[in-house]
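Below is the file protein-v6.pdb, which contains PDB, C-alpha atoms and all ligand atoms.
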```
MODEL        1
ATOM      1  CA  MET A 241      -2.678  17.094  17.240
ATOM      2  CA  ASN A 242      -0.477  14.452  18.886
ATOM      3  CA  ALA A 243       2.930  15.940  19.756
ATOM      4  CA  THR A 244       4.883  12.825  18.781
ATOM      5  CA  ASN A 245       2.994  11.701  15.698
ATOM      6  CA  ILE A 246       1.458  14.111  13.208
ATOM      7  CA  GLN A 247      -0.744  11.235  12.019
ATOM      8  CA  LEU A 248      -2.784  11.101  15.237
ATOM      9  CA  ASP A 249      -5.137  13.643  16.797
ATOM     10  CA  ALA A 250      -5.005  14.585  20.489
ATOM     11  CA  ALA A 251      -7.161  11.570  21.376
ATOM     12  CA  GLY A 252      -4.843   9.181  19.513
ATOM     13  CA  ASN A 253      -7.256   8.658  16.591
ATOM     14  CA  LEU A 254      -6.047   8.486  13.004
ATOM     15  CA  LYS A 255      -6.024  11.953  11.431
ATOM     16  CA  HIS A 256      -3.642  11.447   8.488
ATOM     17  CA  LEU A 257      -2.089   8.269   7.062
ATOM     18  CA  LEU A 258       1.396   9.168   5.825
ATOM     19  CA  THR A 259       3.425   6.105   6.808
ATOM     20  CA  VAL A 260       2.934   2.853   8.700
ATOM     21  CA  GLU A 261       6.012   3.620  10.792
ATOM     22  CA  GLY A 262       5.170   4.879  14.260
ATOM     23  CA  LEU A 263       1.651   3.417  14.289
ATOM     24  CA  SER A 264       0.930   0.897  17.041
ATOM     25  CA  ARG A 265       0.015  -2.760  16.567
ATOM     26  CA  GLU A 266      -3.389  -1.942  18.078
ATOM     27  CA  LEU A 267      -4.063   0.768  15.506
ATOM     28  CA  LEU A 268      -2.912  -1.355  12.558
ATOM     29  CA  THR A 269      -5.102  -4.198  13.813
ATOM     30  CA  ALA A 270      -8.044  -1.806  14.202
ATOM     31  CA  ILE A 271      -7.642  -0.733  10.544
ATOM     32  CA  LEU A 272      -7.548  -4.377   9.400
ATOM     33  CA  ASP A 273     -10.617  -5.169  11.542
ATOM     34  CA  GLN A 274     -12.483  -2.163  10.186
ATOM     35  CA  ALA A 275     -11.652  -3.241   6.610
ATOM     36  CA  GLU A 276     -13.015  -6.704   7.414
ATOM     37  CA  GLY A 277     -16.317  -5.052   8.287
ATOM     38  CA  PHE A 278     -16.382  -3.282   4.932
ATOM     39  CA  THR A 279     -15.847  -6.350   2.736
ATOM     40  CA  GLY A 280     -19.583  -7.099   2.995
ATOM     41  CA  VAL A 281     -20.485  -3.768   1.390
ATOM     42  CA  THR A 282     -19.229  -5.122  -1.944
ATOM     43  CA  GLN A 283     -21.711  -8.007  -1.692
ATOM     44  CA  GLN A 284     -24.694  -5.683  -1.190
ATOM     45  CA  ALA A 285     -27.046  -4.853  -4.053
ATOM     46  CA  VAL A 286     -26.329  -1.168  -3.395
ATOM     47  CA  LYS A 287     -22.591  -0.986  -2.728
ATOM     48  CA  LYS A 288     -22.736   2.098  -0.510
ATOM     49  CA  VAL A 289     -22.755   3.082   3.156
ATOM     50  CA  PRO A 290     -23.400   6.625   4.406
ATOM     51  CA  LEU A 291     -20.370   7.041   6.698
ATOM     52  CA  CYS A 292     -18.789   9.913   4.742
ATOM     53  CA  ARG A 293     -21.918  11.497   3.299
ATOM     54  CA  GLY A 294     -21.313  15.233   2.875
ATOM     55  CA  LYS A 295     -17.504  14.876   2.906
ATOM     56  CA  VAL A 296     -15.356  15.914  -0.075
ATOM     57  CA  ILE A 297     -12.248  13.941  -1.034
ATOM     58  CA  ALA A 298      -9.757  15.203  -3.640
ATOM     59  CA  ASN A 299      -7.498  12.687  -5.382
ATOM     60  CA  LEU A 300      -4.222  14.378  -6.335
ATOM     61  CA  PHE A 301      -2.118  11.977  -8.375
ATOM     62  CA  PHE A 302       1.080  13.624  -9.617
ATOM     63  CA  GLU A 303       2.383  10.178 -10.702
ATOM     64  CA  THR A 304       0.682   7.490 -12.771
ATOM     65  CA  SER A 305      -1.511   4.903 -11.064
ATOM     66  CA  THR A 306      -4.110   2.321 -12.029
ATOM     67  CA  ARG A 307      -4.947   0.342  -8.876
ATOM     68  CA  THR A 308      -4.436   2.921  -6.139
ATOM     69  CA  ARG A 309      -6.275   5.794  -7.819
ATOM     70  CA  THR A 310      -9.277   3.764  -8.908
ATOM     71  CA  THR A 311      -9.662   1.875  -5.629
ATOM     72  CA  PHE A 312      -9.393   5.132  -3.645
ATOM     73  CA  GLU A 313     -12.140   6.552  -5.846
ATOM     74  CA  LEU A 314     -14.310   3.455  -5.420
ATOM     75  CA  ALA A 315     -13.674   3.402  -1.649
ATOM     76  CA  ALA A 316     -14.687   7.057  -1.284
ATOM     77  CA  LYS A 317     -17.823   6.534  -3.372
ATOM     78  CA  ARG A 318     -18.797   3.450  -1.356
ATOM     79  CA  LEU A 319     -18.597   5.627   1.742
ATOM     80  CA  SER A 320     -20.920   8.146  -0.013
ATOM     81  CA  ALA A 321     -18.278  10.908  -0.139
ATOM     82  CA  ASP A 322     -18.100  13.367  -3.029
ATOM     83  CA  VAL A 323     -14.912  12.763  -5.027
ATOM     84  CA  LEU A 324     -12.804  15.203  -7.036
ATOM     85  CA  ASN A 325     -10.230  13.620  -9.350
ATOM     86  CA  LEU A 326      -7.875  16.419 -10.247
ATOM     87  CA  ASN A 327      -6.433  15.987 -13.717
ATOM     88  CA  ILE A 328      -2.932  17.205 -12.898
ATOM     89  CA  ALA A 329      -1.841  17.481 -16.547
ATOM     90  CA  ALA A 330      -4.827  19.762 -17.235
ATOM     91  CA  SER A 331      -4.677  21.627 -13.893
ATOM     92  CA  SER A 332      -3.052  24.967 -13.169
ATOM     93  CA  THR A 333       0.047  23.262 -11.706
ATOM     94  CA  SER A 334       1.030  22.809 -15.370
ATOM     95  CA  LYS A 335       0.807  26.621 -15.754
ATOM     96  CA  GLY A 336       3.245  27.228 -12.920
ATOM     97  CA  GLU A 337       0.899  27.328  -9.930
ATOM     98  CA  THR A 338       2.667  26.014  -6.832
ATOM     99  CA  LEU A 339       1.496  22.855  -5.099
ATOM    100  CA  LEU A 340       0.541  24.924  -2.062
ATOM    101  CA  ASP A 341      -1.557  27.348  -4.094
ATOM    102  CA  THR A 342      -3.382  24.415  -5.697
ATOM    103  CA  LEU A 343      -4.038  22.956  -2.233
ATOM    104  CA  HIS A 344      -5.280  26.213  -0.762
ATOM    105  CA  ASN A 345      -7.644  26.684  -3.714
ATOM    106  CA  LEU A 346      -9.058  23.201  -3.175
ATOM    107  CA  GLU A 347      -9.387  23.922   0.554
ATOM    108  CA  ALA A 348     -11.430  26.993  -0.414
ATOM    109  CA  MET A 349     -13.850  24.494  -2.016
ATOM    110  CA  HIS A 350     -14.221  22.851   1.435
ATOM    111  CA  VAL A 351     -12.288  19.672   0.693
ATOM    112  CA  ASP A 352     -12.028  17.386   3.766
ATOM    113  CA  MET A 353      -9.304  15.023   2.547
ATOM    114  CA  PHE A 354      -6.437  14.946   0.072
ATOM    115  CA  VAL A 355      -5.251  11.597  -1.286
ATOM    116  CA  VAL A 356      -1.786  12.307  -2.662
ATOM    117  CA  ARG A 357       0.624  10.423  -4.897
ATOM    118  CA  HIS A 358       3.860  12.210  -5.724
ATOM    119  CA  SER A 359       7.318  11.302  -7.003
ATOM    120  CA  ALA A 360       8.989  13.267  -4.175
ATOM    121  CA  SER A 361       9.549  11.428  -0.897
ATOM    122  CA  GLY A 362       7.940  13.483   1.879
ATOM    123  CA  ALA A 363       5.360  15.217  -0.360
ATOM    124  CA  ALA A 364       2.353  13.892   1.571
ATOM    125  CA  HIS A 365       3.951  14.837   4.903
ATOM    126  CA  PHE A 366       4.603  18.357   3.604
ATOM    127  CA  ILE A 367       0.983  18.689   2.502
ATOM    128  CA  ALA A 368      -0.287  17.415   5.877
ATOM    129  CA  GLU A 369       1.819  20.064   7.643
ATOM    130  CA  GLN A 370       0.502  22.839   5.399
ATOM    131  CA  ALA A 371      -3.149  21.793   5.178
ATOM    132  CA  ALA A 372      -5.952  23.440   7.166
ATOM    133  CA  PRO A 373      -6.562  21.829  10.581
ATOM    134  CA  HIS A 374      -9.788  20.071   9.531
ATOM    135  CA  VAL A 375      -8.197  18.477   6.434
ATOM    136  CA  SER A 376      -6.850  14.911   6.445
ATOM    137  CA  VAL A 377      -4.121  13.660   4.115
ATOM    138  CA  ILE A 378      -3.540  10.110   2.923
ATOM    139  CA  ASN A 379      -0.269   9.172   1.277
ATOM    140  CA  ALA A 380      -0.993   7.157  -1.868
ATOM    141  CA  GLY A 381       2.748   6.668  -2.505
ATOM    142  CA  ASP A 382       5.587   9.207  -2.213
ATOM    143  CA  GLY A 383       8.852   8.570  -4.046
ATOM    144  CA  ARG A 384      10.790   5.725  -2.480
ATOM    145  CA  HIS A 385       9.454   6.519   0.975
ATOM    146  CA  ALA A 386       6.080   4.922   1.763
ATOM    147  CA  HIS A 387       2.872   3.469   0.352
ATOM    148  CA  PRO A 388       0.968   2.814   3.568
ATOM    149  CA  THR A 389      -2.398   1.707   2.146
ATOM    150  CA  GLN A 390      -0.587  -0.800  -0.101
ATOM    151  CA  GLY A 391       1.281  -2.131   2.945
ATOM    152  CA  LEU A 392      -1.991  -2.396   4.864
ATOM    153  CA  LEU A 393      -3.932  -4.103   2.078
ATOM    154  CA  ASP A 394      -1.088  -6.594   1.825
ATOM    155  CA  MET A 395      -1.320  -7.269   5.595
ATOM    156  CA  PHE A 396      -5.082  -7.662   5.234
ATOM    157  CA  THR A 397      -4.598 -10.196   2.421
ATOM    158  CA  ILE A 398      -1.976 -12.119   4.420
ATOM    159  CA  ARG A 399      -4.166 -12.177   7.553
ATOM    160  CA  ARG A 400      -7.152 -13.462   5.572
ATOM    161  CA  HIS A 401      -5.068 -16.373   4.254
ATOM    162  CA  LYS A 402      -2.825 -17.109   7.218
ATOM    163  CA  GLY A 403      -4.929 -16.022  10.199
ATOM    164  CA  GLY A 404      -2.155 -14.001  11.870
ATOM    165  CA  PHE A 405       1.488 -12.989  11.688
ATOM    166  CA  GLU A 406       3.352 -14.508  14.640
ATOM    167  CA  HIS A 407       4.525 -17.691  12.910
ATOM    168  CA  LEU A 408       5.030 -16.309   9.435
ATOM    169  CA  ARG A 409       8.168 -16.296   7.317
ATOM    170  CA  VAL A 410       7.764 -13.645   4.658
ATOM    171  CA  ALA A 411      10.094 -13.316   1.646
ATOM    172  CA  ILE A 412      10.133  -9.985  -0.225
ATOM    173  CA  VAL A 413      11.908 -10.307  -3.577
ATOM    174  CA  GLY A 414      13.298  -7.759  -6.010
ATOM    175  CA  ASP A 415      13.960  -4.044  -6.098
ATOM    176  CA  ILE A 416      13.959  -3.279  -2.378
ATOM    177  CA  LEU A 417      16.149  -0.187  -2.879
ATOM    178  CA  HIS A 418      13.534   1.871  -4.742
ATOM    179  CA  SER A 419      10.400   0.301  -3.285
ATOM    180  CA  ARG A 420       8.079   2.374  -1.083
ATOM    181  CA  VAL A 421       5.855  -0.715  -0.999
ATOM    182  CA  ALA A 422       8.617  -2.835   0.568
ATOM    183  CA  ARG A 423       9.280  -0.178   3.229
ATOM    184  CA  SER A 424       5.619  -0.085   4.214
ATOM    185  CA  GLN A 425       5.333  -3.879   4.186
ATOM    186  CA  ILE A 426       8.452  -4.303   6.335
ATOM    187  CA  ALA A 427       7.271  -1.710   8.871
ATOM    188  CA  ALA A 428       3.816  -3.307   9.090
ATOM    189  CA  LEU A 429       5.160  -6.872   9.339
ATOM    190  CA  ASN A 430       7.557  -5.885  12.122
ATOM    191  CA  THR A 431       4.822  -4.086  14.061
ATOM    192  CA  LEU A 432       2.380  -6.970  13.610
ATOM    193  CA  GLY A 433       4.997  -9.441  14.866
ATOM    194  CA  ALA A 434       5.966 -11.544  11.835
ATOM    195  CA  ALA A 435       8.446 -14.260  12.824
ATOM    196  CA  GLU A 436      10.922 -13.575  10.015
ATOM    197  CA  ILE A 437      11.171 -11.077   7.158
ATOM    198  CA  ARG A 438      13.676 -11.772   4.389
ATOM    199  CA  VAL A 439      14.589  -9.466   1.545
ATOM    200  CA  ILE A 440      16.030 -11.088  -1.571
ATOM    201  CA  GLY A 441      17.629  -9.426  -4.574
ATOM    202  CA  PRO A 442      20.870  -8.420  -6.273
ATOM    203  CA  ARG A 443      23.321  -6.374  -4.172
ATOM    204  CA  THR A 444      22.638  -3.302  -6.345
ATOM    205  CA  LEU A 445      18.927  -3.342  -5.430
ATOM    206  CA  ILE A 446      19.209  -3.902  -1.662
ATOM    207  CA  PRO A 447      19.819  -0.765   0.453
ATOM    208  CA  ASP A 448      22.973  -0.491   2.552
ATOM    209  CA  ALA A 449      22.338  -1.531   6.148
ATOM    210  CA  ALA A 450      19.045  -3.178   5.146
ATOM    211  CA  GLU A 451      19.328  -5.316   8.293
ATOM    212  CA  SER A 452      18.615  -2.210  10.354
ATOM    213  CA  LEU A 453      15.037  -2.396   8.991
ATOM    214  CA  GLY A 454      14.609  -5.685  10.876
ATOM    215  CA  VAL A 455      15.072  -8.050   7.940
ATOM    216  CA  ARG A 456      17.451 -10.816   6.874
ATOM    217  CA  VAL A 457      19.202 -10.192   3.536
ATOM    218  CA  CYS A 458      19.657 -12.969   0.990
ATOM    219  CA  HIS A 459      20.937 -12.864  -2.588
ATOM    220  CA  ASP A 460      19.836 -16.336  -3.702
ATOM    221  CA  LEU A 461      16.178 -16.684  -4.661
ATOM    222  CA  ARG A 462      15.809 -20.409  -3.925
ATOM    223  CA  GLU A 463      17.392 -19.987  -0.487
ATOM    224  CA  GLY A 464      15.376 -16.858   0.189
ATOM    225  CA  VAL A 465      11.982 -18.436  -0.466
ATOM    226  CA  ARG A 466      12.813 -21.718   1.317
ATOM    227  CA  ASP A 467      10.010 -22.558   3.792
ATOM    228  CA  ALA A 468       8.406 -19.149   3.248
ATOM    229  CA  ASP A 469       4.682 -18.809   4.005
ATOM    230  CA  VAL A 470       4.357 -15.669   1.912
ATOM    231  CA  VAL A 471       6.381 -14.679  -1.169
ATOM    232  CA  ILE A 472       6.016 -11.047  -2.220
ATOM    233  CA  MET A 473       7.443 -10.097  -5.612
ATOM    234  CA  LEU A 474       8.208  -6.431  -6.342
ATOM    235  CA  ARG A 475       8.231  -4.467  -9.569
ATOM    236  CA  LEU A 476      11.566  -3.219 -10.919
ATOM    237  CA  GLN A 477      11.250   0.549 -10.402
ATOM    238  CA  ARG A 478      13.070   1.576 -13.581
ATOM    239  CA  GLU A 479      11.722   5.136 -13.380
ATOM    240  CA  ARG A 480      13.612   5.610 -10.093
ATOM    241  CA  MET A 481      16.883   3.963 -11.204
ATOM    242  CA  SER A 482      19.777   6.188 -12.132
ATOM    243  CA  GLY A 483      22.735   4.421 -13.738
ATOM    244  CA  ALA A 484      23.120   0.764 -14.638
ATOM    245  CA  LEU A 485      21.944  -1.190 -11.601
ATOM    246  CA  LEU A 486      20.981  -4.218 -13.681
ATOM    247  CA  PRO A 487      22.701  -5.861 -16.659
ATOM    248  CA  SER A 488      19.339  -6.541 -18.400
ATOM    249  CA  ALA A 489      15.761  -7.560 -17.672
ATOM    250  CA  HIS A 490      16.551 -10.966 -19.158
ATOM    251  CA  GLU A 491      19.476 -11.556 -16.779
ATOM    252  CA  TYR A 492      17.385 -10.350 -13.862
ATOM    253  CA  TYR A 493      14.715 -12.900 -14.748
ATOM    254  CA  GLN A 494      17.373 -15.654 -14.979
ATOM    255  CA  LEU A 495      18.360 -15.010 -11.357
ATOM    256  CA  TYR A 496      15.319 -13.499  -9.644
ATOM    257  CA  GLY A 497      12.261 -14.220 -11.786
ATOM    258  CA  LEU A 498       9.804 -16.399  -9.867
ATOM    259  CA  THR A 499       8.970 -19.667 -11.638
ATOM    260  CA  GLU A 500       7.027 -22.694 -10.371
ATOM    261  CA  GLU A 501      10.326 -24.555 -10.029
ATOM    262  CA  ARG A 502      11.937 -21.813  -7.907
ATOM    263  CA  LEU A 503       8.806 -21.538  -5.800
ATOM    264  CA  SER A 504       9.039 -25.238  -4.977
ATOM    265  CA  THR A 505      11.281 -24.573  -1.941
ATOM    266  CA  ALA A 506       8.546 -22.439  -0.307
ATOM    267  CA  ARG A 507       5.910 -24.058   1.905
ATOM    268  CA  PRO A 508       3.281 -25.978  -0.094
ATOM    269  CA  ASP A 509       0.574 -23.571   1.125
ATOM    270  CA  ALA A 510       2.634 -20.433   0.452
ATOM    271  CA  ILE A 511       0.810 -17.531  -1.163
ATOM    272  CA  VAL A 512       2.365 -15.370  -3.891
ATOM    273  CA  MET A 513       1.776 -11.612  -3.941
ATOM    274  CA  HIS A 514       2.699  -8.639  -6.136
ATOM    275  CA  PRO A 515       1.514  -5.029  -5.679
ATOM    276  CA  GLY A 516       1.265  -4.524  -9.450
ATOM    277  CA  PRO A 517       1.815  -3.559 -12.138
ATOM    278  CA  ILE A 518       3.541  -6.870 -12.975
ATOM    279  CA  ASN A 519       6.244  -7.178 -15.580
ATOM    280  CA  ARG A 520       5.530 -10.730 -16.752
ATOM    281  CA  GLY A 521       8.636 -12.637 -17.746
ATOM    282  CA  VAL A 522      10.794 -10.235 -15.704
ATOM    283  CA  GLU A 523       9.658 -10.450 -12.061
ATOM    284  CA  MET A 524       7.606 -13.574 -12.452
ATOM    285  CA  ASP A 525       6.339 -16.180 -14.863
ATOM    286  CA  SER A 526       2.721 -16.029 -16.029
ATOM    287  CA  GLN A 527       2.271 -19.578 -14.686
ATOM    288  CA  VAL A 528       2.958 -18.264 -11.180
ATOM    289  CA  ALA A 529       1.144 -14.933 -11.612
ATOM    290  CA  ASP A 530      -2.033 -16.707 -12.739
ATOM    291  CA  GLY A 531      -1.481 -19.904 -10.734
ATOM    292  CA  PRO A 532      -3.337 -21.322  -7.733
ATOM    293  CA  ARG A 533      -1.023 -19.743  -5.158
ATOM    294  CA  SER A 534      -1.319 -16.240  -6.582
ATOM    295  CA  VAL A 535      -3.485 -13.820  -4.573
ATOM    296  CA  ILE A 536      -2.565 -10.813  -6.724
ATOM    297  CA  LEU A 537      -6.090  -9.921  -7.824
ATOM    298  CA  GLU A 538      -7.384 -10.444  -4.271
ATOM    299  CA  GLN A 539      -4.878  -7.769  -3.215
ATOM    300  CA  VAL A 540      -6.574  -5.368  -5.629
ATOM    301  CA  SER A 541     -10.070  -6.162  -4.291
ATOM    302  CA  ASN A 542      -8.867  -5.869  -0.710
ATOM    303  CA  GLY A 543      -7.507  -2.425  -1.538
ATOM    304  CA  ILE A 544     -11.068  -1.096  -1.640
ATOM    305  CA  ALA A 545     -11.919  -2.328   1.877
ATOM    306  CA  ILE A 546      -8.634  -1.074   3.348
ATOM    307  CA  ARG A 547      -9.011   2.340   1.724
ATOM    308  CA  MET A 548     -12.603   2.556   2.945
ATOM    309  CA  ALA A 549     -11.358   1.778   6.460
ATOM    310  CA  VAL A 550      -8.613   4.397   6.378
ATOM    311  CA  ILE A 551     -10.860   7.112   4.912
ATOM    312  CA  ALA A 552     -13.649   6.360   7.391
ATOM    313  CA  MET A 553     -11.269   6.325  10.369
ATOM    314  CA  CYS A 554      -9.747   9.677   9.325
ATOM    315  CA  ILE A 555     -12.890  11.649   8.412
ATOM    316  CA  GLY A 556     -15.906   9.501   9.237
ATOM    317  CA  THR A 557     -14.946   8.809  12.854
ATOM    318  CA  GLN A 558     -18.094  10.259  14.393
ATOM    319  CA  ASN A 559     -20.257   8.079  12.199
ATOM    320  CA  LEU A 560     -18.095   5.011  12.902
ATOM    321  CA  ARG A 561     -18.528   5.224  16.657
ATOM    322  CA  GLY A 562     -20.360   2.205  18.001
ATOM    323  CA  LEU A 563     -20.023   0.215  14.791
ATOM    324  CA  GLY A 564     -17.918  -2.921  15.234
ATOM    325  CA  ALA A 565     -15.903  -4.595  12.499
ATOM    326  CA  GLU A 566     -18.641  -7.205  12.208
ATOM    327  CA  ALA A 567     -21.342  -4.606  11.627
ATOM    328  CA  THR A 568     -23.331  -4.727   8.412
ATOM    329  CA  TYR A 569     -24.463  -1.491   6.860
ATOM    330  CA  ASP A 570     -27.764  -0.580   5.298
ATOM    331  CA  VAL A 571     -28.240   2.437   3.089
TER     332      VAL A 571
HETATM  333  N1  LIG B   1       0.369  -0.984  -6.395
HETATM  334  C1  LIG B   1       0.217   0.238  -6.941
HETATM  335  O1  LIG B   1       0.498   1.257  -6.317
HETATM  336  O2  LIG B   1      -0.275   0.241  -8.216
HETATM  337  P1  LIG B   1      -0.617   1.564  -9.059
HETATM  338  O3  LIG B   1       0.696   2.246  -9.373
HETATM  339  O4  LIG B   1      -1.338   1.074 -10.299
HETATM  340  O5  LIG B   1      -1.476   2.433  -8.211
ENDMDL
END
```

Can you present the structure in this file as structure tokens?
Amino acid sequence: MNATNIQLDAAGNLKHLLTVEGLSRELLTAILDQAEGFTGVTQQAVKKVPLCRGKVIANLFFETSTRTRTTFELAAKRLSADVLNLNIAASSTSKGETLLDTLHNLEAMHVDMFVVRHSASGAAHFIAEQAAPHVSVINAGDGRHAHPTQGLLDMFTIRRHKGGFEHLRVAIVGDILHSRVARSQIAALNTLGAAEIRVIGPRTLIPDAAESLGVRVCHDLREGVRDADVVIMLRLQRERMSGALLPSAHEYYQLYGLTEERLSTARPDAIVMHPGPINRGVEMDSQVADGPRSVILEQVSNGIAIRMAVIAMCIGTQNLRGLGAEATYDV
């Protein structure tokens, strides 16, 4: 175990993925490169490679999910791992069993990796600290804290469209305050050297001292997206809001909903992103969501390659050795 970063083993290899923060540019780039190598697997007649054959991955989703849970499952299956999808509502946690007891019981079944989504910030970190030494943990979203594979798949999507990060102006719009996705995106963009990161939203949805994250704060949407290369819209996280932070969804849309007209100040080749699920007519217009600049469904597809890369780097490392990002895989 690395003394300064629980996420790395003694040799500096990825052991857990809990947050993008603290990971080097080299490591983030290596994950993106590895994912690039996996995109070809989807084109194969048999969409499988044997890198994690014999490994067992347990998906523990204590919060709802469509994209993350299913793409983690697909990624694990494409790596030939055995996958357990724990039905939390029907599991013994609903009978009062503690999280730790559930984990230790799964460890007794020789699980190699936990993929964890939880409403409590820090849950994945806690599990990584408590898990057996051979077990890896991937954070699939914890409270407001982090959603590292979402941040990475977004970087992968941006790199595929823009080639790199150094000259990019990126606008992140909406509920920054409650967004684990925004935190992971901002950390990754800073590490990868984006030229400018702007966060745009009402004062009630921007954290105090947001500038300390390395971003510029703006409250006007047109100004915020001006000359942007990438416009990332965020979902309003109503389930994490306590009190009246917004007058109404309709008023929010009037000021911060992305329309073709408001997007017109961005660069002509700007791409539009959203991690999903989208609230159409609140965060953005359907014309934009389904329009030519939207890469929202590409983000979902890219999630499989990124999650394959992260799983393989954490628990398939021995099998990965000697395989470059450009490698093709035969079953
Ligand atoms: N982007 C994202 O995390 O979506 P899900 O909640 O559907 O997993």

From the set A:Pro290, A:Gly404, A:Gly336, A:Gly516, which residue has the shortest atom-to-atom contact distance to Ala435 (chain A), counting only C-alpha atoms?
A:Gly404

As a quick test: using all atoms listed in the file, which residues lie no more than 12 Å away from ligand LIG 1 (chain B)? Give them as a VMD selection string.
chain A and resid 301 to 313 356 to 359 379 to 384 386 to 394 419 to 422 424 473 to 475 477 513 to 518 536 to 537 539 to 543

What residues come out when you apply the PyMOL selection byres (((chain A and resi 257-260) around 9) and not hetatm) to this file, written as a PyMOL selection string?
chain A and resi 246-248+254-256+261-264+268+362+364-365+368+376-381+385-389+391-392+423-425+427-428+431+550+554

Can you tell me how far CA of Val413 (chain A) sits from CA of Gly441 (chain A), in Å to one decimal?
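CA of Gly441 (chain A) lies 5.9 Å from CA of Val413 (chain A).
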
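Using all atoms listed in the file, the nearest neighbour of Glu347 (chain A) within the list A:Ala316, A:Val296, A:Ile328, A:Ala449 is A:Val296.
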
Test item: which residues lie within 9 Å of (-10.7, 18.0, 10.5) counting all atoms listed in the file, as a PyMOL selection string:
chain A and resi 255+352-353+372-376+554-555

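Here CA of Asn327 (chain A) and CA of Ile271 (chain A) stand 29.5 Å from one another.
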
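Residue membership of the PyMOL selection byres (((chain A and resi 346) around 12) and not hetatm) in the shown file amounts to Val296, Ile297, Ala298, Asn299, Leu300, Leu324, Asn325, Leu326, Ser331, Ser332, Leu339, Leu340, Asp341, Thr342, Leu343, His344, Asn345, Glu347, Ala348, Met349, His350, Val351, Asp352, Met353, Phe354, Ala371, Ala372 and Val375 of chain A.
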
Can you sort out the box for region 462-467 of chain A, edges along x, y and z, all listed atoms in, 8 Å on every side, with centre and edge lengths in Å to one decimal, as JSON?
```
{"center_x": 13.7, "center_y": -19.7, "center_z": -0.1, "size_x": 23.4, "size_y": 21.7, "size_z": 23.7}
```

Check what the PyMOL selection byres (((chain A and resi 500-510) around 8) and not hetatm) selects in the file above and give those residues as a PDB file with C-alpha atoms, in the coordinates of the input.
```pdb
ATOM      1  CA  LEU A 461      16.178 -16.684  -4.661  1.00  0.00           C
ATOM      2  CA  ARG A 462      15.809 -20.409  -3.925  1.00  0.00           C
ATOM      3  CA  GLU A 463      17.392 -19.987  -0.487  1.00  0.00           C
ATOM      4  CA  VAL A 465      11.982 -18.436  -0.466  1.00  0.00           C
ATOM      5  CA  ARG A 466      12.813 -21.718   1.317  1.00  0.00           C
ATOM      6  CA  ASP A 467      10.010 -22.558   3.792  1.00  0.00           C
ATOM      7  CA  ALA A 468       8.406 -19.149   3.248  1.00  0.00           C
ATOM      8  CA  ASP A 469       4.682 -18.809   4.005  1.00  0.00           C
ATOM      9  CA  VAL A 470       4.357 -15.669   1.912  1.00  0.00           C
ATOM     10  CA  VAL A 471       6.381 -14.679  -1.169  1.00  0.00           C
ATOM     11  CA  LEU A 498       9.804 -16.399  -9.867  1.00  0.00           C
ATOM     12  CA  THR A 499       8.970 -19.667 -11.638  1.00  0.00           C
ATOM     13  CA  ILE A 511       0.810 -17.531  -1.163  1.00  0.00           C
ATOM     14  CA  VAL A 512       2.365 -15.370  -3.891  1.00  0.00           C
ATOM     15  CA  ASP A 525       6.339 -16.180 -14.863  1.00  0.00           C
ATOM     16  CA  GLN A 527       2.271 -19.578 -14.686  1.00  0.00           C
ATOM     17  CA  VAL A 528       2.958 -18.264 -11.180  1.00  0.00           C
ATOM     18  CA  ARG A 533      -1.023 -19.743  -5.158  1.00  0.00           C
TER      19      ARG A 533
END
```
